[in-house]
Every structure is written in structure tokens, then in C-alpha cells.
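Engineer: So I've got this file, work23.tsv, and it contains TSV, C-alpha atoms and all ligand atoms:
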```tsv
chain	number	residue	atom	x	y	z
A	1	MET	CA	62.42	10.44	-16.73
A	2	ASN	CA	60.56	11.79	-19.70
A	3	ASN	CA	63.60	12.27	-21.92
A	4	VAL	CA	62.03	11.60	-25.30
A	5	GLY	CA	61.96	14.65	-27.52
A	6	GLY	CA	63.59	16.84	-30.10
A	7	GLY	CA	62.90	19.04	-33.07
A	8	ALA	CA	62.74	16.06	-35.35
A	9	PHE	CA	60.38	17.17	-38.10
A	10	ALA	CA	61.75	19.54	-40.74
A	11	GLN	CA	58.30	19.76	-42.31
A	12	ARG	CA	55.03	20.08	-40.42
A	13	THR	CA	53.85	16.55	-39.77
A	14	VAL	CA	50.62	15.33	-38.22
A	15	THR	CA	50.23	12.08	-36.30
A	16	ARG	CA	47.47	9.68	-37.25
A	17	GLU	CA	45.54	10.99	-34.22
A	18	GLY	CA	45.72	14.48	-35.77
A	19	HIS	CA	48.32	16.06	-33.46
A	20	GLU	CA	51.24	18.13	-34.72
A	21	ALA	CA	54.11	15.64	-34.42
A	22	THR	CA	56.60	17.79	-32.47
A	23	LEU	CA	53.88	18.48	-29.92
A	24	ALA	CA	53.11	14.76	-29.72
A	25	LEU	CA	56.78	13.82	-29.31
A	26	ASN	CA	57.77	16.38	-26.66
A	27	TYR	CA	54.54	17.06	-24.79
A	28	LEU	CA	51.48	14.90	-25.45
A	29	GLY	CA	53.27	11.53	-25.45
A	30	PRO	CA	55.32	12.07	-22.27
A	31	ILE	CA	52.31	13.48	-20.39
A	32	ALA	CA	50.15	10.56	-21.57
A	33	LEU	CA	52.78	8.14	-20.26
A	34	THR	CA	53.08	9.97	-16.95
A	35	ARG	CA	49.29	9.94	-16.51
A	36	ALA	CA	49.17	6.23	-17.20
A	37	LEU	CA	51.91	5.61	-14.61
A	38	LEU	CA	50.40	7.78	-11.86
A	39	PRO	CA	48.64	4.87	-10.08
A	40	LEU	CA	52.03	3.13	-9.77
A	41	LEU	CA	53.90	6.07	-8.26
A	42	SER	CA	54.72	5.94	-4.58
A	43	PRO	CA	55.68	8.80	-2.24
A	44	ARG	CA	59.33	8.07	-3.02
A	45	SER	CA	58.82	8.38	-6.79
A	46	ARG	CA	60.25	11.21	-8.82
A	47	VAL	CA	59.13	12.51	-12.18
A	48	VAL	CA	61.69	14.37	-14.27
A	49	GLN	CA	60.46	16.13	-17.39
A	50	VAL	CA	63.25	17.01	-19.81
A	51	VAL	CA	62.48	20.34	-21.48
A	52	SER	CA	64.72	22.95	-23.11
A	53	SER	CA	65.62	26.60	-22.78
A	54	ALA	CA	63.94	26.89	-26.21
A	55	PHE	CA	60.59	27.21	-24.40
A	56	GLY	CA	61.39	30.91	-23.98
A	57	MET	CA	61.32	31.37	-27.75
A	58	HIS	CA	57.56	30.82	-27.88
A	59	ARG	CA	56.04	34.20	-27.15
A	60	GLY	CA	52.37	35.01	-26.75
A	61	ASP	CA	49.59	32.50	-26.23
A	62	PRO	CA	51.06	29.13	-25.17
A	63	PHE	CA	48.10	27.36	-26.79
A	64	ALA	CA	48.55	29.00	-30.19
A	65	ALA	CA	50.77	27.18	-32.66
A	66	PRO	CA	53.64	29.18	-34.21
A	67	ALA	CA	52.43	31.43	-37.05
A	68	ARG	CA	54.97	29.87	-39.43
A	69	TYR	CA	56.13	26.29	-38.99
A	70	THR	CA	59.82	25.60	-38.49
A	71	ALA	CA	61.17	22.66	-36.51
A	72	VAL	CA	62.62	24.97	-33.87
A	73	ALA	CA	59.42	27.01	-33.50
A	74	ALA	CA	57.35	23.83	-33.08
A	75	TYR	CA	59.93	22.54	-30.60
A	76	ALA	CA	59.81	25.75	-28.53
A	77	HIS	CA	55.99	25.56	-28.45
A	78	ALA	CA	56.00	21.90	-27.39
A	79	LYS	CA	58.60	22.42	-24.65
A	80	LEU	CA	56.67	25.39	-23.27
A	81	LEU	CA	53.47	23.34	-22.95
A	82	SER	CA	55.44	20.44	-21.49
A	83	LEU	CA	56.95	22.74	-18.86
A	84	LEU	CA	53.56	24.22	-17.95
A	85	ALA	CA	51.92	20.78	-17.66
A	86	THR	CA	54.79	19.58	-15.45
A	87	MET	CA	54.26	22.47	-13.05
A	88	SER	CA	50.56	21.61	-12.91
A	89	LEU	CA	51.30	17.98	-12.08
A	90	ALA	CA	53.68	19.02	-9.30
A	91	ARG	CA	50.88	21.06	-7.71
A	92	GLN	CA	48.31	18.29	-8.17
A	93	LEU	CA	50.56	15.77	-6.42
A	94	ASP	CA	51.37	18.31	-3.71
A	95	GLY	CA	54.75	16.91	-2.72
A	96	THR	CA	53.65	13.27	-2.45
A	97	VAL	CA	55.65	12.62	-5.61
A	98	THR	CA	58.52	14.88	-6.62
A	99	VAL	CA	57.96	16.45	-10.06
A	100	ASN	CA	60.49	18.73	-11.70
A	101	ALA	CA	61.42	20.00	-15.16
A	102	VAL	CA	64.97	20.37	-16.41
A	103	ASN	CA	66.84	21.87	-19.32
A	104	PRO	CA	69.80	19.51	-19.91
A	105	GLY	CA	71.61	22.07	-22.06
A	106	MET	CA	73.23	21.48	-25.40
A	107	ALA	CA	74.54	18.01	-26.24
A	108	TRP	CA	75.85	16.38	-29.41
A	109	THR	CA	73.30	13.59	-29.58
A	110	PRO	CA	71.73	11.71	-32.52
A	111	GLY	CA	68.78	14.11	-32.48
A	112	VAL	CA	71.03	17.16	-32.74
A	113	GLN	CA	73.29	15.49	-35.29
A	114	ALA	CA	70.26	14.92	-37.52
A	115	LEU	CA	69.30	18.61	-37.59
A	116	THR	CA	69.74	20.57	-40.81
A	117	PRO	CA	69.80	24.37	-41.30
A	118	ARG	CA	66.16	24.09	-42.34
A	119	ALA	CA	65.25	23.25	-38.74
A	120	VAL	CA	66.60	26.59	-37.48
A	121	PRO	CA	66.51	29.02	-40.44
A	122	ALA	CA	67.87	31.92	-38.35
A	123	TRP	CA	71.13	30.02	-37.94
A	124	ARG	CA	71.63	29.01	-41.58
A	125	TRP	CA	74.31	31.65	-42.26
A	126	ILE	CA	76.37	30.58	-39.27
A	127	TRP	CA	75.64	26.86	-39.56
A	128	PRO	CA	79.31	25.68	-39.61
A	129	LEU	CA	79.93	27.67	-36.42
A	130	VAL	CA	76.75	26.28	-34.81
A	131	ARG	CA	77.85	22.74	-35.66
A	132	ALA	CA	81.36	23.33	-34.26
A	133	VAL	CA	79.86	24.46	-30.94
A	134	GLN	CA	77.30	21.63	-30.86
A	135	ARG	CA	79.97	18.99	-31.54
A	136	ARG	CA	81.81	20.03	-28.39
A	137	ALA	CA	78.72	19.71	-26.15
A	138	SER	CA	79.01	16.58	-24.03
A	139	PRO	CA	75.95	14.32	-23.57
A	140	GLU	CA	77.47	13.08	-20.28
A	141	LYS	CA	77.53	16.62	-18.93
A	142	ALA	CA	73.96	17.26	-20.15
A	143	ALA	CA	72.77	14.13	-18.34
A	144	ARG	CA	74.10	15.26	-14.95
A	145	THR	CA	71.26	17.46	-13.70
A	146	PRO	CA	68.43	15.23	-15.02
A	147	THR	CA	70.12	12.24	-13.38
A	148	ARG	CA	70.60	14.07	-10.10
A	149	LEU	CA	66.91	15.00	-10.05
A	150	ALA	CA	65.94	11.38	-10.66
A	151	LEU	CA	68.19	10.10	-7.87
A	152	THR	CA	67.92	12.65	-5.08
A	153	PRO	CA	64.96	14.44	-3.51
A	154	ASP	CA	65.35	18.11	-4.31
A	155	GLY	CA	62.09	19.98	-3.94
A	156	THR	CA	59.18	19.79	-6.34
A	157	GLY	CA	57.54	21.99	-8.96
A	158	ARG	CA	60.84	23.50	-9.98
A	159	PHE	CA	62.52	24.24	-13.26
A	160	TYR	CA	66.23	23.41	-13.23
A	161	GLU	CA	68.78	24.84	-15.61
A	162	SER	CA	71.59	22.72	-17.03
A	163	ASN	CA	74.01	24.03	-14.40
A	164	GLY	CA	71.89	22.37	-11.72
A	165	THR	CA	70.26	25.46	-10.23
A	166	ALA	CA	66.51	25.96	-9.85
A	167	GLN	CA	65.28	28.98	-11.84
A	168	THR	CA	62.26	31.17	-11.27
A	169	LEU	CA	59.91	30.98	-14.23
A	170	PRO	CA	58.84	34.22	-15.93
A	171	ASP	CA	55.67	35.69	-14.39
A	172	ARG	CA	53.59	34.80	-17.45
A	173	LEU	CA	54.29	31.09	-16.90
A	174	ARG	CA	53.55	31.00	-13.17
A	175	ASP	CA	49.78	31.24	-13.57
A	176	PRO	CA	48.29	28.03	-12.08
A	177	HIS	CA	45.29	28.22	-14.44
A	178	LEU	CA	47.57	28.33	-17.44
A	179	GLN	CA	49.57	25.40	-16.10
A	180	ASP	CA	46.44	23.37	-15.39
A	181	ARG	CA	45.14	24.12	-18.87
A	182	ALA	CA	48.35	22.68	-20.33
A	183	TRP	CA	47.89	19.52	-18.25
A	184	GLN	CA	44.21	19.19	-19.18
A	185	TYR	CA	44.90	19.74	-22.88
A	186	ALA	CA	47.39	16.86	-22.86
A	187	ALA	CA	45.07	14.71	-20.76
A	188	ALA	CA	42.27	15.21	-23.28
A	189	ALA	CA	44.63	14.45	-26.16
A	190	ALA	CA	45.74	11.23	-24.44
A	191	THR	CA	42.27	9.81	-24.89
A	192	THR	CA	42.78	10.01	-28.67
A	193	ILE	CA	46.10	8.12	-28.74
A	194	LYS	CA	45.77	4.77	-30.49
A	195	GLU	CA	47.80	1.75	-29.50
B	1	LIG	N1	70.65	17.61	-27.25
B	1	LIG	C1	70.43	18.87	-26.92
B	1	LIG	O1	71.21	19.79	-27.28
B	1	LIG	C2	69.24	19.22	-26.08
B	1	LIG	C3	69.12	20.52	-25.58
B	1	LIG	C4	68.02	20.84	-24.78
B	1	LIG	C5	67.07	19.87	-24.51
B	1	LIG	N2	67.20	18.60	-25.02
B	1	LIG	C6	66.17	17.62	-24.72
B	1	LIG	O2	66.78	16.50	-24.13
B	1	LIG	C7	66.05	15.31	-24.44
B	1	LIG	C8	66.97	14.31	-25.07
B	1	LIG	O3	67.44	14.88	-26.27
B	1	LIG	P1	68.52	14.20	-27.21
B	1	LIG	O4	69.27	15.30	-27.87
B	1	LIG	O5	69.24	13.13	-26.48
B	1	LIG	O6	67.56	13.61	-28.33
B	1	LIG	P2	67.72	12.33	-29.26
B	1	LIG	O7	69.14	12.06	-29.52
B	1	LIG	O8	66.95	12.62	-30.47
B	1	LIG	O9	67.04	11.19	-28.43
B	1	LIG	C9	65.96	11.39	-27.58
B	1	LIG	C10	65.12	10.18	-27.43
B	1	LIG	O10	63.89	10.49	-28.06
B	1	LIG	C11	63.52	9.44	-28.91
B	1	LIG	N3	62.90	9.98	-30.13
B	1	LIG	C12	63.35	10.99	-30.89
B	1	LIG	N4	62.50	11.20	-31.93
B	1	LIG	C13	61.52	10.28	-31.80
B	1	LIG	C14	60.34	9.99	-32.54
B	1	LIG	N5	60.02	10.68	-33.65
B	1	LIG	N6	59.55	8.99	-32.11
B	1	LIG	C15	59.87	8.28	-31.00
B	1	LIG	N7	60.96	8.51	-30.26
B	1	LIG	C16	61.78	9.50	-30.65
B	1	LIG	C17	64.80	8.75	-29.29
B	1	LIG	O11	64.47	7.41	-29.52
B	1	LIG	P3	65.42	6.44	-30.39
B	1	LIG	O12	66.65	6.25	-29.59
B	1	LIG	O13	64.60	5.23	-30.54
B	1	LIG	O14	65.66	7.17	-31.68
B	1	LIG	C18	65.66	8.92	-28.07
B	1	LIG	O15	65.48	7.85	-27.17
B	1	LIG	C19	64.92	15.74	-25.39
B	1	LIG	O16	63.74	15.92	-24.65
B	1	LIG	C20	65.42	17.07	-25.94
B	1	LIG	O17	64.38	17.90	-26.36
B	1	LIG	C21	68.27	18.26	-25.79
```
Write out the structure in this file as C-alpha cells.
Ligand SMILES: NC(=O)c1ccc[n+]([C@@H]2O[C@H](COP(=O)([O-])OP(=O)(O)OC[C@H]3O[C@@H](n4cnc5c(N)ncnc54)[C@H](OP(=O)(O)O)[C@@H]3O)[C@@H](O)[C@H]2O)c1

Structural biologist:
Amino acid sequence: MNNVGGGAFAQRTVTREGHEATLALNYLGPIALTRALLPLLSPRSRVVQVVSSAFGMHRGDPFAAPARYTAVAAYAHAKLLSLLATMSLARQLDGTVTVNAVNPGMAWTPGVQALTPRAVPAWRWIWPLVRAVQRRASPEKAARTPTRLALTPDGTGRFYESNGTAQTLPDRLRDPHLQDRAWQYAAAAATTIKE
């Protein structure tokens, strides 16, 4: 379960390997870990990549960083690439290992609690309302679909919404070449990660 992630960096931050930090946290790191674990996976193994509906906010070229950095824009970009790479892995493993992506939906977790209006400038005028809604979002409920995917075989190469249903990806994201490029980009970046 690649659960690590979030829109944690209010200001653009670069890792010591030279990767934008939100990309490293949500996409490069989890894919590097998954790659490293591949030799240990058996036909009964399941990979669950936790993404977010925010991926839909990144329009245009998936490999182009947002024109203006905000935490939410960087997060959307990273989750889009993470989703694409996950679909590539599912095809590469061809059903021998189950690989799916899931949006857990909103949850009042430490990562969300740490957000400030600066992370999502478009919401700054309605921030008290946003916080009231976020506070009511149960982490237990958000964990249900990711947990189900980890525990029960349920197809492969799918994107699940928080309500537990598999969703068809937009046409622009179903291109196998695009998906493979997202996997290869992360694989190349993994070689730069220092211990
Ligand atoms: N919460 C939501 O509303 C929501 C909505 C859609 C998708 N998601 C996704 O669901 C997953 C879990 O989110 P969450 O809200 O539970 O996030 P979270 O409270 O921030 O925790 C996620 C995990 O990521 C780790 N983490 C966060 N920032 C890190 C950093 N800079 N370096 C290393 N580890 C870091 C945390 O480690 P520590 O415990 O050590 O801090 C924690 O184990 C994420 O992939 C997130 O993008 C969440």
C-alpha cells in the first residue's frame, strides 16, 4: 500500500537529488519502493497506489510542471503521474500481481490539518467553510476502499473512487505509451535516490 503522500510543501522545495519535493513524495518515492519490492512479489501480492481525485486538476502535458507553483498544483501533477505509472505497472505485470490505484476521498488527517490557505489559494476566501467540511471527513471511511483492495482480489489496472467503484479514466490518460513513460520517468529517477 503506497499511502505516503500529500501536498506538504507550501513553497516549491527540491530534494537533494534535485526532484521537486511533492513529486518525490507522491510519485517518485512510492514507485522507487515498488520497483525495489518487485522481486519479492508473488502471484498473490497486491499493490495499492493511493492517489487523489486532484489528478484531474492537472491539465495538458502530464510531464510538464505546473506553470505557477502552489502546493495543490504540485500535488495534482504528482498524483497524475503516480496514477499513470500505476496503470503501466499493472500492464507490465499482466495480472500476475494485482495493481490498482485508489482515491480514498477526503479525510481529516495530520496532512490535511497542516494545510494552510496558501496551499490552495482558490479556496482562501471560503477557508473556514473548507475546514468545517474537512473536519467532518472520517479517516476510517477513507481507509475502506484502499483496505478492501489490499485484502481482496478485485481486478487489476483499475482506478477506484472513494465509494469503492472502479472508474474509467479519461481518454487522454488511457494511452499505454503515456503510462509507460510515467513509469520509466520514475524508474530513471530512482537511480538518483541516495540512501
Ligand atoms: N486526507 C485526504 O483528504 C486525502 C484525499 C485524497 C487523497 N489522499 C491521499 O491519501 C494518502 C494518505 O493521506 P493522509 O491525508 O493520511 O496524509 P498524512 O496525514 O499526511 O500522512 C500520510 C503519510 O505520508 C507520510 N508523509 C507525509 N509527508 C511526508 C514527507 N514529507 N516525508 C515522508 N513522509 C511523509 C506521513 O508520514 P508520518 O506519519 O511520518 O508523518 C504519513 O505516514 C496520501 O497519498 C494522500 O495524498 C488524502

Engineer: Listing only residues of chain A within 7 Å of ligand LIG 1 (chain B), what is the closest atom pair and its distance in Å (to one decimal) for each, using only C-alpha atoms and all ligand atoms, sorted by chain and residue number ascending, as a Markdown table?

Structural biologist:
```
| residue | atom | partner | partner_atom | distance |
| --- | --- | --- | --- | --- |
| A:Asn3 | CA | B:LIG1 | O16 | 4.6 |
| A:Val4 | CA | B:LIG1 | O10 | 3.5 |
| A:Gly5 | CA | B:LIG1 | O16 | 3.6 |
| A:Gly6 | CA | B:LIG1 | O17 | 4.0 |
| A:Gly7 | CA | B:LIG1 | O17 | 7.0 |
| A:Ala8 | CA | B:LIG1 | N4 | 5.9 |
| A:Leu25 | CA | B:LIG1 | C14 | 6.1 |
| A:Asn26 | CA | B:LIG1 | O16 | 6.3 |
| A:Val50 | CA | B:LIG1 | O16 | 5.0 |
| A:Val51 | CA | B:LIG1 | C5 | 5.5 |
| A:Ser52 | CA | B:LIG1 | C5 | 4.1 |
| A:Ser53 | CA | B:LIG1 | C4 | 6.6 |
| A:Asn103 | CA | B:LIG1 | C5 | 5.6 |
| A:Pro104 | CA | B:LIG1 | C4 | 5.4 |
| A:Gly105 | CA | B:LIG1 | C3 | 4.6 |
| A:Met106 | CA | B:LIG1 | O1 | 3.2 |
| A:Ala107 | CA | B:LIG1 | O1 | 3.9 |
| A:Trp108 | CA | B:LIG1 | N1 | 5.8 |
| A:Thr109 | CA | B:LIG1 | O7 | 4.4 |
| A:Pro110 | CA | B:LIG1 | O7 | 4.0 |
| A:Gly111 | CA | B:LIG1 | O8 | 3.1 |
| A:Val112 | CA | B:LIG1 | O4 | 5.5 |
```

Engineer: Go ahead and compute the interatomic distance for CA of Arg44 in chain A and CA of Leu151 in chain A, in Å to one decimal.

Structural biologist: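 Interatomic distance, CA of Arg44 in chain A to CA of Leu151 in chain A: 10.3 Å.
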
Engineer: One decimal, in Å: what's the spacing between CA of Ala32 in chain A and CA of Lys79 in chain A?

Structural biologist: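 CA of Lys79 in chain A lies 14.9 Å from CA of Ala32 in chain A.
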
Engineer: If I take CA of Thr86 in chain A and CA of Ala65 in chain A, how far is one from the other in Å, to one decimal?

Structural biologist: 19.2 Å

Engineer: Calculated over all atoms listed in the file, which of the candidates A:Leu33, A:Val102, A:Leu173, A:Leu38 has the smallest distance to Leu84 in chain A?

Structural biologist: A:Leu173

Engineer: Measuring atom to atom with all atoms listed in the file, identify which of A:Val120, A:His77, A:Ser45, A:Met87 is nearest to Arg59 in chain A.

Structural biologist: A:His77

Engineer: For Ala74 in chain A, which residue among A:Gln179, A:Gln11, A:Thr147, A:Asn100 is the nearest when counting all atoms listed in the file?

Structural biologist: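 Once distances to Ala74 in chain A are computed over all atoms listed in the file, the minimum belongs to A:Gln11.
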
Engineer: From the options A:Thr116, A:Thr145, A:Asn163, A:Ser88, which residue's atoms come nearest to Arg131 in chain A, counting only C-alpha atoms?

Structural biologist: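 Of the candidates, the smallest distance to Arg131 in chain A is held by A:Thr116.
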
Engineer: Which of these residues is nearest to Leu37 in chain A, using all atoms listed in the file: A:Val130, A:Ala54, A:Ala189, A:Met1?

Structural biologist: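 That would be A:Met1, the residue with the smallest distance to Leu37 in chain A.
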
Engineer: Measuring atom to atom with all atoms listed in the file, identify which of A:Leu23, A:Ala190, A:Ala122, A:Ala101 is nearest to Thr168 in chain A.

Structural biologist: A:Ala101

Engineer: Please work out which residues fall within 12 Å of (49.0, 10.2, -19.9), coordinates as given in the file, with only C-alpha atoms counting, and return them as a list of chain:residue names.

Structural biologist: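 Returned residue set, sorted by chain then number, is A:Asn2, A:Ala24, A:Tyr27, A:Leu28, A:Gly29, A:Pro30, A:Ile31, A:Ala32, A:Leu33, A:Thr34, A:Arg35, A:Ala36, A:Leu37, A:Leu38, A:Pro39, A:Ala85, A:Thr86, A:Leu89, A:Trp183, A:Gln184, A:Tyr185, A:Ala186, A:Ala187, A:Ala188, A:Ala189, A:Ala190, A:Thr191, A:Thr192, A:Ile193.
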